[in-house]
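**Q** Shown below is the structure under consideration.
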Amino acid sequence: MTLLEVRALDAFYGDFQALFGLSLDVEAGETVALIGANGAGKTTFLKCLVGLTSTKRGEIRFAGEPIAEQPAERISRLGLSLVPEGRLLFPSLTVEENLMMGALNQRPGSWTLARVYELFPILRERRRQKPEQLSGGQQHMVAIGRALMSNPKLLLCDEISLGLAPVVVDQIYESLGRIRAEGASIVLVEQDVKRAAGAADRVYCLLKGRVTLQGPARGMGLDQLSRAYFGA
Amino acid sequence: MIWVETIINGVLYGGLYGLLGVGLALIVGVMRVVNLSHGEFIVLSAFIGVSLVGAVPWVHPLVLLLPVALIAFVLGFGLQAVLVNRVVTRPDPFAAILLTFGVAVVMRNLMVEVFGADPRNLPAGRLAHASAGMFGLHVGVLPLLILGLSVVLFTCLQLIITRTKFGRIVRATADHRDIVRLMGVNPGRVYNVVMGLSLALASVAGMLLAIRLSFTPYSGVERLLVAFEVVVLGGLGTFWGAMLGGITLGVAELVGLKFDTNAGPLYAHLLFLAGVLLRPNGLFRVRT
């Protein structure tokens, strides 16, 4: 079953067009990597999906329902969850309060506070602290946990390896495997091509707002990828 | 001894000033805008209070605080939902400032039209002049009650913001109003309730102040000035800071009045000026 269907999506910031006729599919249970350089339109694309960019045209269907015209508040209740770039945790809230914000829309499912603490045990120790007291990796864990608390059908991860030590990135990617095992589909936005392709079933490469390459992650040549990435 | 009494009365009076400002502190803290019609709503609550006292003279004015606060909550909710939410998400903060300034001007003139320009008072009967003796000091009963009520309201507000689910949503909305939408929260609805709370607190202060101080439809500017000074002195957007800011201003005013019977408030404003120059982040660094 196709969980997410995007057809001919254009997006704008004022006069500047950030996406050009972008089409993309995500099947249920699938992990899709979206790679591309800075300014390729990856974050804009995710913002379009969750409803934070309103100047767009095209078709977006999620679980069969058209969502392109719907406000972010409603889309989140359908089971679309974003781990935003730069985490954007709530600095006035404790770690646990941040996580509980994710559970506000009360979607039923297997992810609870206890399960998130099981996935990231360090967060249980830190649950009464403010995000700023945590390391970068731990803050990423809070952001992922917060997104999981709404029991998403599709988890959108924006640059979750940015600025982290390789060993921490390993941990985060390991957790993604366990999140998949619970049945969620994942869209992984990354600049780290190798890492993303290794974790994904399929890869889309974006260049200046257009899809320049798509296909199964397995067997995709690095030279082929880098040509799509840099447009050389 | 007379100085100790003055300072104690200043503290009691200052609790009321804190109450004038805390609603504004809430708005500044959560929405990052200033509500320039805050003072007019304080005056309007006093007019509503006076009208209610006239309508049901057998009910004590202090009991009427509750219905007036409820009316103010509804007015604040409406103001936010109908007007302020249209501009509050714009990147330019001047949109909200101009809008609420316009609201203030319209309200001021409507109040002149409806209530007339004569100075009014809220009669509180014997309570207004009753005093209690403690350790040889004479302290007004009403100011004591007022400070007590202020402390109770501040504590309630603090508990709501730090301990409840609603408070969590308010803090998160203040942090990132876009990101809470991803959790199903409509920031506009949060703002409606916050503006309602802000004006409900302001209305209590407005009624209590009207017992001590006469007011006209033009008094809103002075009320806003005090509220604004309280917020800035206390450190923008903090609650207990606002309370302490109010007390500081109250003491300065009454002590000033002792020196110079013509210009008590002048000393409070001078203190504010000195405070802004010396401690631009607020006298008290109390984070909520």
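FYI, nothing fancy with the structure tokens labels: chains A, B, ... in order, residues from 1 per chain, ligands from 1 as they appear.
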Got a sec to pull out which chain B residues are within 8 Å of chain A, counting only C-alpha atoms, and send them as a list in words?
**A** Arg168, Ile169, Arg171, Ala172, Asp175, His176, Asp178, Ile179, Val180, Arg181, Leu182, Met183, Gly184, Val185 and Asn186 of chain B
**Q** Running DSSP on the backbone, which parts of range 118-183 of chain B land in alpha helix (DSSP H), as a VMD selection string?
**A** chain B and resid 141 to 163 165 to 175
**Q** Dump C-alpha atoms for the selected residues as a CSV table (one decimal), in the first residue's frame?
**A**
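Listed below is the output, again.csv:
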chain,number,residue,atom,x,y,z
B,141,VAL,CA,-7.1,45.8,56.4
B,142,LEU,CA,-8.0,46.3,52.8
B,143,PRO,CA,-4.4,46.6,51.6
B,144,LEU,CA,-3.6,43.5,53.6
B,145,LEU,CA,-6.5,41.6,51.9
B,146,ILE,CA,-5.3,43.0,48.6
B,147,LEU,CA,-1.7,41.7,49.0
B,148,GLY,CA,-3.1,38.4,50.2
B,149,LEU,CA,-5.2,38.1,47.1
B,150,SER,CA,-2.4,39.1,44.9
B,151,VAL,CA,-0.1,36.4,46.4
B,152,VAL,CA,-2.9,33.8,46.0
B,153,LEU,CA,-3.4,34.8,42.3
B,154,PHE,CA,0.3,34.8,41.6
B,155,THR,CA,0.7,31.4,43.1
B,156,CYS,CA,-2.3,30.0,41.1
B,157,LEU,CA,-0.9,31.4,37.9
B,158,GLN,CA,2.6,30.0,38.6
B,159,LEU,CA,1.1,26.6,39.4
B,160,ILE,CA,-1.0,26.6,36.2
B,161,ILE,CA,1.9,27.5,34.1
B,162,THR,CA,4.5,25.1,35.6
B,163,ARG,CA,2.4,22.2,36.7
B,165,LYS,CA,-0.9,20.3,30.9
B,166,PHE,CA,-2.3,23.6,29.8
B,167,GLY,CA,0.7,25.4,31.2
B,168,ARG,CA,3.0,23.0,29.4
B,169,ILE,CA,1.3,23.8,26.1
B,170,VAL,CA,1.5,27.6,26.9
B,171,ARG,CA,5.3,27.3,27.6
B,172,ALA,CA,5.8,25.2,24.5
B,173,THR,CA,3.9,27.7,22.3
B,174,ALA,CA,5.9,30.5,23.7
B,175,ASP,CA,9.1,28.6,22.8
**Q** Please identify which residues in range 47-277 of chain B DSSP calls strand (DSSP E or B) from the backbone, and express them as a compact mmCIF listing (two decimals) with N, CA and C atoms, in the first residue's frame.
**A**
# COMPACT_ATOMS: atom_id res chain seq x y z
N ARG B 120 -14.74 58.39 38.95
CA ARG B 120 -15.56 57.44 39.72
C ARG B 120 -14.69 56.76 40.77
N SER B 131 -8.51 49.54 59.87
CA SER B 131 -7.08 49.25 60.00
C SER B 131 -6.87 48.30 61.17
N ALA B 132 -5.77 47.59 61.09
CA ALA B 132 -5.46 46.62 62.13
C ALA B 132 -4.17 47.01 62.81
N GLY B 133 -4.09 46.83 64.12
CA GLY B 133 -2.85 47.13 64.82
C GLY B 133 -2.02 45.87 64.99
N MET B 134 -0.75 45.98 64.64
CA MET B 134 0.16 44.85 64.84
C MET B 134 1.47 45.41 65.38
N LEU B 137 1.93 48.95 65.09
CA LEU B 137 1.86 49.59 63.78
C LEU B 137 0.42 49.55 63.29
N HIS B 138 0.03 50.57 62.55
CA HIS B 138 -1.32 50.56 61.98
C HIS B 138 -1.24 50.23 60.50
N VAL B 139 -1.92 49.15 60.14
CA VAL B 139 -1.90 48.70 58.76
C VAL B 139 -3.34 48.56 58.30
N GLY B 140 -3.62 49.06 57.07
CA GLY B 140 -4.98 48.96 56.55
C GLY B 140 -5.38 47.50 56.32
N PHE B 215 -11.04 56.98 39.14
CA PHE B 215 -10.62 56.77 37.75
C PHE B 215 -11.62 57.43 36.80
**Q** Neighbouring residues of range 216-224 of chain B were defined as those with any atom within 6 Å, considering only C-alpha atoms; residues of the same chain fewer than 6 positions away were excluded. Please report them as a VMD selection string.
**A** chain B and resid 39 to 40 43 108 111 to 112 117 119
**Q** Could you take the residues named above and write them with C-alpha atoms, as a compact mmCIF listing (two decimals), in the first residue's frame?
**A**
# COMPACT_ATOMS: atom_id res chain seq x y z
CA GLY B 39 -4.82 49.86 30.65
CA GLU B 40 -8.17 50.49 28.98
CA VAL B 43 -10.41 50.81 33.51
CA ARG B 108 -11.32 55.14 25.65
CA MET B 111 -16.14 54.60 27.64
CA VAL B 112 -16.53 58.40 27.63
CA ALA B 117 -15.95 61.54 31.89
CA PRO B 119 -14.15 60.56 38.06
**Q** Show which residues sit within 8 Å of Val230 in chain B, as number ranges by chain. Count only C-alpha atoms, and ignore same-chain residues fewer than 3 positions away.
**A** B: 17-18, 21-22, 226-227, 233-234, 242-243, 245-246, 249
**Q** Identify, on the basis of only C-alpha atoms, every residue whose closest approach to Arg180 in chain A does not exceed 8 Å; exclude the query and any residue fewer than 4 positions from it along the same chain; express the result as a ChimeraX atom specification.
**A** /A:29,31,176,184-186
**Q** Take the selection from the previous step and output its residues with C-alpha atoms, as a PDB file, in the first residue's frame.
**A**
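Contents of again_9.pdb, as written:
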ATOM      1  CA  GLY A  29       6.879   0.001   6.150  1.00  0.00           C
ATOM      2  CA  THR A  31      12.441   3.673   4.610  1.00  0.00           C
ATOM      3  CA  LEU A 176      15.798   3.864  13.603  1.00  0.00           C
ATOM      4  CA  ALA A 184       6.550   2.998  11.059  1.00  0.00           C
ATOM      5  CA  SER A 185       7.696   4.153   7.663  1.00  0.00           C
ATOM      6  CA  ILE A 186      10.578   6.602   7.650  1.00  0.00           C
TER       7      ILE A 186
END
